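Enquirer: Okay, here's the structure, questions in a sec.
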Amino acid sequence: MSTGLIASLPPALDSKSEQPPLFDGTTRLYTSYTCPFAQRVWITRNFKGLQDQIKLVGLNLQDRPAWYHENVYPANKVPALEHDGKIVGESLDLIKYLDQNFAGPKLFPDDEAKKQFGEELLAYTDTFFMTVFKSAKGDVTKEAAPAFDYLENALNRFDDGPFLLGQFSLADIAYIPFVERFQIFLTEVFKYDITAGRPKFAVWIEEMNKIDAYTSTKVVNPTDLVEYYKKRMTAALTTCFDIRDNVIPDSQMSRSVMPCDLTTPHLALHPQNSRLKNFTFHLTRPPNLNMMDRLGLKQIKKDDRSFHEGILMEKN
């Protein structure tokens, strides 16, 4: 994380922080400095030159203030924009809102063909995210490829610039926070180069990193990011455990664990155990040993008949 940049940002507010005035004429962007969804709006604000018009209000999402949910944004998510007596949420809606309601460079084309394709690109963002995220449970090289190929093919659509719609636009802003994170994680954990065989995509990333409006928002520490995604992958992989190393009976499983993707060996992290270091997992299916190894999980033997497999995880 860039120490200089973080030092220059307003401190993130937590549960002990007082609420800023609401609807006092100040336009506020409630954000998290490490959230990719919020980063979209932060980039848009910067590119349009709205740093003096839109005040950043950072929130600590691990200890978020109660007043944010109660008084500001009932959805209790970031980003959210306080403007003109109302609160606007959802990152894709917000980047459009900033482009349409504030001065500065226009970030969506008037050309009908580009406009239509731009909407298609924005509509695909959730599919892109979920395809890449879920690929880490299996063969990343095969399962993530369609998402990155989609962007490579999109970059061949227009020849008047290196960006998704030729010129820099909201489409680029919508994707880059996630590409940034996936590139770090997949390179470090899977040794997978997302740009290999995708020359246009490689150039796109290079060009994005020349845009100050974006690079000034890159505050994610790569090491922290890798550990965060490892934990998220772990939480999507196996089944259940309790704090006494006793298996939760199948009859109690629906009450004891969070819903998971049942297409893979799945693991639900019981909230009350989130601070423990050592966990024993009860798997209902044979584990994906390659994935377990990448996540730092060790397979152990158990004599107890209630274990199909025992997995010991060292949790930081």
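Simple scheme: letters A, B, ... for chains in structure tokens order, numbers from 1 for residues in each chain, numbers from 1 for ligands in the order shown.
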If we count only C-alpha atoms and set the cut-off at 7 Å, which residues sit around segment 89-101 of chain A, ignoring sequence neighbours fewer than 3 positions away in its own chain? Please answer as number ranges by chain.
Expert: A: 37-38, 40-41, 44, 79-81, 106-107, 170
Enquirer: Env of Pro199 of chain A: 12 Å cut, atoms = only C-alpha atoms, seq-sep filter 2 positions within chain, self excluded. Answer as a VMD selection string.
Expert: chain A and resid 148 to 149 151 to 153 155 to 156 162 193 to 197 201 to 206
Enquirer: Generate the output file for the selected residues, all heavy atoms, as a compact mmCIF listing (two decimals), in the first residue's frame.
Expert:
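Final output, saved to result-v8.txt:
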```
# COMPACT_ATOMS: atom_id res chain seq x y z
N PHE A 148 -11.19 -13.41 -19.74
CA PHE A 148 -10.12 -12.56 -20.26
C PHE A 148 -10.14 -12.50 -21.79
O PHE A 148 -9.82 -11.47 -22.38
CB PHE A 148 -8.77 -13.05 -19.74
CG PHE A 148 -8.63 -12.94 -18.25
CD1 PHE A 148 -8.45 -14.06 -17.45
CD2 PHE A 148 -8.71 -11.70 -17.62
CE1 PHE A 148 -8.33 -13.95 -16.07
CE2 PHE A 148 -8.60 -11.58 -16.24
CZ PHE A 148 -8.42 -12.71 -15.46
N ASP A 149 -10.55 -13.60 -22.43
CA ASP A 149 -10.69 -13.59 -23.88
C ASP A 149 -11.78 -12.62 -24.32
O ASP A 149 -11.68 -11.99 -25.38
CB ASP A 149 -11.02 -15.00 -24.40
CG ASP A 149 -9.84 -15.94 -24.31
OD1 ASP A 149 -8.69 -15.47 -24.14
OD2 ASP A 149 -10.06 -17.17 -24.39
N LEU A 151 -12.47 -9.77 -22.98
CA LEU A 151 -11.90 -8.43 -23.02
C LEU A 151 -10.92 -8.28 -24.19
O LEU A 151 -10.87 -7.23 -24.83
CB LEU A 151 -11.20 -8.11 -21.70
CG LEU A 151 -12.12 -7.98 -20.47
CD1 LEU A 151 -11.33 -7.57 -19.25
CD2 LEU A 151 -13.24 -6.98 -20.73
N GLU A 152 -10.14 -9.32 -24.46
CA GLU A 152 -9.22 -9.28 -25.60
C GLU A 152 -10.01 -9.06 -26.90
O GLU A 152 -9.64 -8.22 -27.73
CB GLU A 152 -8.42 -10.58 -25.69
CG GLU A 152 -7.53 -10.70 -26.92
CD GLU A 152 -6.34 -9.76 -26.93
OE1 GLU A 152 -6.00 -9.21 -25.86
OE2 GLU A 152 -5.75 -9.56 -28.01
N ASN A 153 -11.11 -9.78 -27.05
CA ASN A 153 -11.92 -9.64 -28.25
C ASN A 153 -12.59 -8.26 -28.31
O ASN A 153 -12.70 -7.66 -29.38
CB ASN A 153 -12.98 -10.74 -28.31
CG ASN A 153 -12.37 -12.12 -28.52
OD1 ASN A 153 -11.30 -12.24 -29.10
ND2 ASN A 153 -13.04 -13.15 -28.03
N LEU A 155 -11.42 -5.54 -27.22
CA LEU A 155 -10.41 -4.54 -27.56
C LEU A 155 -10.09 -4.52 -29.06
O LEU A 155 -9.41 -3.62 -29.55
CB LEU A 155 -9.14 -4.78 -26.75
CG LEU A 155 -9.26 -4.41 -25.27
CD1 LEU A 155 -8.18 -5.09 -24.43
CD2 LEU A 155 -9.20 -2.89 -25.09
N ASN A 156 -10.57 -5.51 -29.78
CA ASN A 156 -10.41 -5.54 -31.24
C ASN A 156 -11.59 -4.89 -31.96
O ASN A 156 -11.58 -4.79 -33.19
CB ASN A 156 -10.26 -6.99 -31.73
CG ASN A 156 -8.88 -7.55 -31.45
OD1 ASN A 156 -7.91 -7.15 -32.06
ND2 ASN A 156 -8.80 -8.49 -30.52
N PRO A 162 -6.55 2.51 -27.66
CA PRO A 162 -6.21 1.23 -27.01
C PRO A 162 -7.21 0.78 -25.95
O PRO A 162 -6.98 -0.23 -25.28
CB PRO A 162 -4.86 1.55 -26.35
CG PRO A 162 -4.99 3.01 -25.98
CD PRO A 162 -5.80 3.64 -27.08
N ASP A 193 -0.42 -16.03 -16.08
CA ASP A 193 -0.26 -14.72 -16.70
C ASP A 193 -1.51 -14.41 -17.52
O ASP A 193 -1.73 -15.01 -18.57
CB ASP A 193 0.98 -14.70 -17.60
CG ASP A 193 1.20 -13.36 -18.28
OD1 ASP A 193 0.41 -12.40 -18.03
OD2 ASP A 193 2.16 -13.26 -19.08
N ILE A 194 -2.33 -13.50 -17.03
CA ILE A 194 -3.60 -13.23 -17.69
C ILE A 194 -3.42 -12.52 -19.03
O ILE A 194 -4.36 -12.47 -19.83
CB ILE A 194 -4.54 -12.40 -16.79
CG1 ILE A 194 -3.96 -11.01 -16.51
CG2 ILE A 194 -4.83 -13.13 -15.49
CD1 ILE A 194 -4.90 -10.09 -15.72
N THR A 195 -2.23 -11.99 -19.30
CA THR A 195 -1.99 -11.29 -20.57
C THR A 195 -1.38 -12.19 -21.64
O THR A 195 -1.31 -11.80 -22.80
CB THR A 195 -1.07 -10.08 -20.37
OG1 THR A 195 0.23 -10.52 -19.96
CG2 THR A 195 -1.64 -9.12 -19.33
N ALA A 196 -0.95 -13.38 -21.27
CA ALA A 196 -0.29 -14.28 -22.23
C ALA A 196 -1.25 -14.64 -23.37
O ALA A 196 -2.37 -15.10 -23.14
CB ALA A 196 0.18 -15.55 -21.53
N GLY A 197 -0.81 -14.40 -24.60
CA GLY A 197 -1.64 -14.68 -25.76
C GLY A 197 -2.73 -13.65 -25.98
O GLY A 197 -3.60 -13.84 -26.85
N PHE A 201 -4.99 -6.91 -24.70
CA PHE A 201 -5.28 -6.83 -23.26
C PHE A 201 -4.03 -6.35 -22.52
O PHE A 201 -4.13 -5.53 -21.59
CB PHE A 201 -5.72 -8.21 -22.77
CG PHE A 201 -6.21 -8.25 -21.35
CD1 PHE A 201 -7.11 -7.31 -20.87
CD2 PHE A 201 -5.77 -9.26 -20.50
CE1 PHE A 201 -7.56 -7.38 -19.55
CE2 PHE A 201 -6.21 -9.32 -19.19
CZ PHE A 201 -7.12 -8.39 -18.71
N ALA A 202 -2.87 -6.85 -22.90
CA ALA A 202 -1.61 -6.43 -22.27
C ALA A 202 -1.37 -4.94 -22.48
O ALA A 202 -0.99 -4.21 -21.54
CB ALA A 202 -0.44 -7.24 -22.83
N VAL A 203 -1.62 -4.46 -23.69
CA VAL A 203 -1.45 -3.03 -23.98
C VAL A 203 -2.46 -2.21 -23.19
O VAL A 203 -2.14 -1.13 -22.67
CB VAL A 203 -1.59 -2.77 -25.49
CG1 VAL A 203 -1.67 -1.27 -25.77
CG2 VAL A 203 -0.43 -3.39 -26.25
N TRP A 204 -3.69 -2.72 -23.11
CA TRP A 204 -4.74 -2.02 -22.34
C TRP A 204 -4.31 -1.79 -20.90
O TRP A 204 -4.46 -0.69 -20.35
CB TRP A 204 -6.03 -2.82 -22.41
CG TRP A 204 -7.17 -2.24 -21.62
CD1 TRP A 204 -7.97 -1.18 -21.99
CD2 TRP A 204 -7.68 -2.70 -20.36
NE1 TRP A 204 -8.92 -0.94 -21.02
CE2 TRP A 204 -8.77 -1.86 -20.01
CE3 TRP A 204 -7.31 -3.72 -19.49
CZ2 TRP A 204 -9.49 -2.03 -18.83
CZ3 TRP A 204 -8.04 -3.89 -18.31
CH2 TRP A 204 -9.11 -3.05 -17.99
N ILE A 205 -3.77 -2.82 -20.26
CA ILE A 205 -3.31 -2.68 -18.87
C ILE A 205 -2.18 -1.65 -18.79
O ILE A 205 -2.16 -0.80 -17.88
CB ILE A 205 -2.86 -4.04 -18.32
CG1 ILE A 205 -4.06 -4.98 -18.18
CG2 ILE A 205 -2.16 -3.87 -16.96
CD1 ILE A 205 -3.69 -6.39 -17.77
N GLU A 206 -1.27 -1.70 -19.75
CA GLU A 206 -0.17 -0.71 -19.76
C GLU A 206 -0.72 0.71 -19.90
O GLU A 206 -0.27 1.63 -19.21
CB GLU A 206 0.78 -1.01 -20.92
CG GLU A 206 1.59 -2.29 -20.76
CD GLU A 206 2.46 -2.57 -21.97
OE1 GLU A 206 2.48 -1.71 -22.90
OE2 GLU A 206 3.11 -3.63 -22.02
```
Enquirer: Between A:Gly85, A:Gly49, A:Gly58, A:Pro177, which one has atoms that come closest to Asp24 of chain A, using only C-alpha atoms?
Expert: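 When distances to Asp24 of chain A are compared using only C-alpha atoms, the smallest one comes from A:Gly85.
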Enquirer: Out of A:Pro222, A:Pro146, A:Pro109, A:Pro36, which residue has the shortest atom-to-atom distance to Phe168 of chain A when counting only C-alpha atoms?
Expert: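 Between A:Pro222, A:Pro146, A:Pro109, A:Pro36, the residue approaching Phe168 of chain A most closely is A:Pro109.
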Enquirer: Tell me, as a short mmCIF file (atom, residue, chain, number, x, y, z; two decimals) with C-alpha atoms, in the first residue's frame, which residues lie within 12 Å of Cys35 of chain A, counting only C-alpha atoms; anything in the same chain fewer than 2 positions away does not count.
Expert:
```cif
data_model
loop_
_atom_site.label_atom_id
_atom_site.label_comp_id
_atom_site.auth_asym_id
_atom_site.auth_seq_id
_atom_site.Cartn_x
_atom_site.Cartn_y
_atom_site.Cartn_z
CA TYR A 30 -18.78 7.31 0.98
CA THR A 31 -16.14 4.80 0.05
CA SER A 32 -13.61 2.22 1.10
CA TYR A 33 -10.11 2.83 -0.20
CA PHE A 37 -16.57 -1.38 -6.57
CA ALA A 38 -15.93 1.91 -4.77
CA GLN A 39 -12.71 2.36 -6.73
CA ARG A 40 -14.76 2.67 -9.91
CA VAL A 41 -16.43 5.84 -8.63
CA TRP A 42 -13.20 7.19 -7.17
CA GLY A 58 -13.60 6.69 3.85
CA LEU A 59 -15.25 3.94 5.89
CA ASN A 60 -13.68 1.05 7.77
CA LEU A 61 -15.74 -1.86 6.45
CA GLN A 62 -14.50 -4.19 9.19
CA LYS A 77 -22.59 -0.84 1.25
CA VAL A 78 -20.05 1.30 -0.52
CA PRO A 79 -19.93 3.27 -2.66
CA SER A 91 -21.11 1.52 -8.52
CA PRO A 177 -10.25 -2.49 -10.39
CA PHE A 178 -11.01 -6.19 -10.82
CA GLU A 180 -5.84 -5.16 -11.12
CA ARG A 181 -6.71 -7.55 -8.30
CA THR A 217 -6.42 5.01 -6.47
CA LYS A 218 -4.12 1.97 -6.45
CA VAL A 219 -3.69 1.60 -2.70
CA VAL A 220 -4.08 -2.18 -2.35
CA LEU A 225 -4.68 -8.82 -1.43
CA TYR A 228 -7.60 -11.83 1.39
#
```
Enquirer: Determine which residues of segment 36-222 of chain A DSSP labels as helix (DSSP H, G or I) from the backbone of this structure, then write them out as a PyMOL selection string.
Expert: chain A and resi 36-47+61-63+66-72+91-101+112-123+125-135+140-143+145-154+170-190+199-208+212-215+222
Enquirer: Atom CA of Tyr229 of chain A to atom CA of Leu29 of chain A: how many Å, to one decimal?
Expert: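 Those two atoms sit 25.8 Å apart.
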Enquirer: With only C-alpha atoms as the atoms that count, which of A:Leu186, A:Leu13, A:Leu121, A:Val226 lies nearest to Asp139 of chain A?
Expert: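 So, comparing all the options, the nearest one is A:Leu186.
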Enquirer: Taking the DSSP secondary structure from the backbone, can you list the residues of segment 37-224 of chain A that are strand (DSSP E or B), as a PyMOL selection string?
Expert: chain A and resi 54-59+80-83+86-89+163+165-167
Enquirer: Taking N, CA and C atoms for each residue, export the selection above as a PDB file, in the first residue's frame.
Expert:
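File produced: result28.pdb:
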```pdb
ATOM      1  N   ILE A  54     -16.288  16.870  -4.818  1.00  0.00           N
ATOM      2  CA  ILE A  54     -16.800  15.662  -4.165  1.00  0.00           C
ATOM      3  C   ILE A  54     -15.818  15.229  -3.088  1.00  0.00           C
ATOM      4  N   LYS A  55     -16.255  15.314  -1.857  1.00  0.00           N
ATOM      5  CA  LYS A  55     -15.400  14.974  -0.722  1.00  0.00           C
ATOM      6  C   LYS A  55     -15.422  13.473  -0.465  1.00  0.00           C
ATOM      7  N   LEU A  56     -14.244  12.886  -0.305  1.00  0.00           N
ATOM      8  CA  LEU A  56     -14.158  11.468   0.047  1.00  0.00           C
ATOM      9  C   LEU A  56     -14.431  11.268   1.536  1.00  0.00           C
ATOM     10  N   VAL A  57     -15.288  10.301   1.841  1.00  0.00           N
ATOM     11  CA  VAL A  57     -15.523   9.892   3.225  1.00  0.00           C
ATOM     12  C   VAL A  57     -15.197   8.406   3.292  1.00  0.00           C
ATOM     13  N   GLY A  58     -14.004   8.088   3.751  1.00  0.00           N
ATOM     14  CA  GLY A  58     -13.597   6.692   3.849  1.00  0.00           C
ATOM     15  C   GLY A  58     -14.267   5.999   5.014  1.00  0.00           C
ATOM     16  N   LEU A  59     -14.640   4.739   4.829  1.00  0.00           N
ATOM     17  CA  LEU A  59     -15.249   3.938   5.894  1.00  0.00           C
ATOM     18  C   LEU A  59     -14.419   2.689   6.137  1.00  0.00           C
ATOM     19  N   ALA A  80     -21.445   5.020  -2.016  1.00  0.00           N
ATOM     20  CA  ALA A  80     -22.701   5.761  -2.002  1.00  0.00           C
ATOM     21  C   ALA A  80     -22.353   7.241  -2.122  1.00  0.00           C
ATOM     22  N   LEU A  81     -23.175   7.970  -2.857  1.00  0.00           N
ATOM     23  CA  LEU A  81     -22.928   9.391  -3.093  1.00  0.00           C
ATOM     24  C   LEU A  81     -24.043  10.212  -2.469  1.00  0.00           C
ATOM     25  N   GLU A  82     -23.660  11.178  -1.652  1.00  0.00           N
ATOM     26  CA  GLU A  82     -24.584  12.152  -1.090  1.00  0.00           C
ATOM     27  C   GLU A  82     -24.541  13.396  -1.978  1.00  0.00           C
ATOM     28  N   HIS A  83     -25.649  13.654  -2.666  1.00  0.00           N
ATOM     29  CA  HIS A  83     -25.650  14.773  -3.623  1.00  0.00           C
ATOM     30  C   HIS A  83     -27.067  15.293  -3.831  1.00  0.00           C
ATOM     31  N   LYS A  86     -30.011  13.783  -1.822  1.00  0.00           N
ATOM     32  CA  LYS A  86     -30.346  12.352  -1.915  1.00  0.00           C
ATOM     33  C   LYS A  86     -29.078  11.520  -1.854  1.00  0.00           C
ATOM     34  N   ILE A  87     -29.269  10.218  -1.657  1.00  0.00           N
ATOM     35  CA  ILE A  87     -28.169   9.255  -1.654  1.00  0.00           C
ATOM     36  C   ILE A  87     -28.336   8.345  -2.858  1.00  0.00           C
ATOM     37  N   VAL A  88     -27.254   8.223  -3.628  1.00  0.00           N
ATOM     38  CA  VAL A  88     -27.248   7.350  -4.800  1.00  0.00           C
ATOM     39  C   VAL A  88     -26.229   6.242  -4.564  1.00  0.00           C
ATOM     40  N   GLY A  89     -26.617   4.989  -4.842  1.00  0.00           N
ATOM     41  CA  GLY A  89     -25.719   3.862  -4.633  1.00  0.00           C
ATOM     42  C   GLY A  89     -25.514   3.040  -5.891  1.00  0.00           C
ATOM     43  N   PHE A 163      -8.320   1.507 -25.829  1.00  0.00           N
ATOM     44  CA  PHE A 163      -9.254   1.206 -24.759  1.00  0.00           C
ATOM     45  C   PHE A 163     -10.471   0.431 -25.276  1.00  0.00           C
ATOM     46  N   LEU A 165     -13.585   1.044 -25.730  1.00  0.00           N
ATOM     47  CA  LEU A 165     -14.405   1.720 -26.728  1.00  0.00           C
ATOM     48  C   LEU A 165     -13.551   2.625 -27.606  1.00  0.00           C
ATOM     49  N   GLY A 166     -12.302   2.272 -27.742  1.00  0.00           N
ATOM     50  CA  GLY A 166     -11.355   3.095 -28.482  1.00  0.00           C
ATOM     51  C   GLY A 166     -10.734   4.128 -27.571  1.00  0.00           C
ATOM     52  N   GLN A 167     -11.552   5.096 -27.153  1.00  0.00           N
ATOM     53  CA  GLN A 167     -11.111   6.112 -26.215  1.00  0.00           C
ATOM     54  C   GLN A 167     -11.501   5.708 -24.790  1.00  0.00           C
TER      55      GLN A 167
END
```
Enquirer: Have a look at atom CA of Pro10 of chain A and atom CA of His69 of chain A and let me know their distance in Å, one decimal.
Expert: 20.2 Å
Enquirer: Measure the distance from atom CA of Ala147 of chain A to atom CA of Tyr214 of chain A in Å and round it to one decimal.
Expert: 21.8 Å
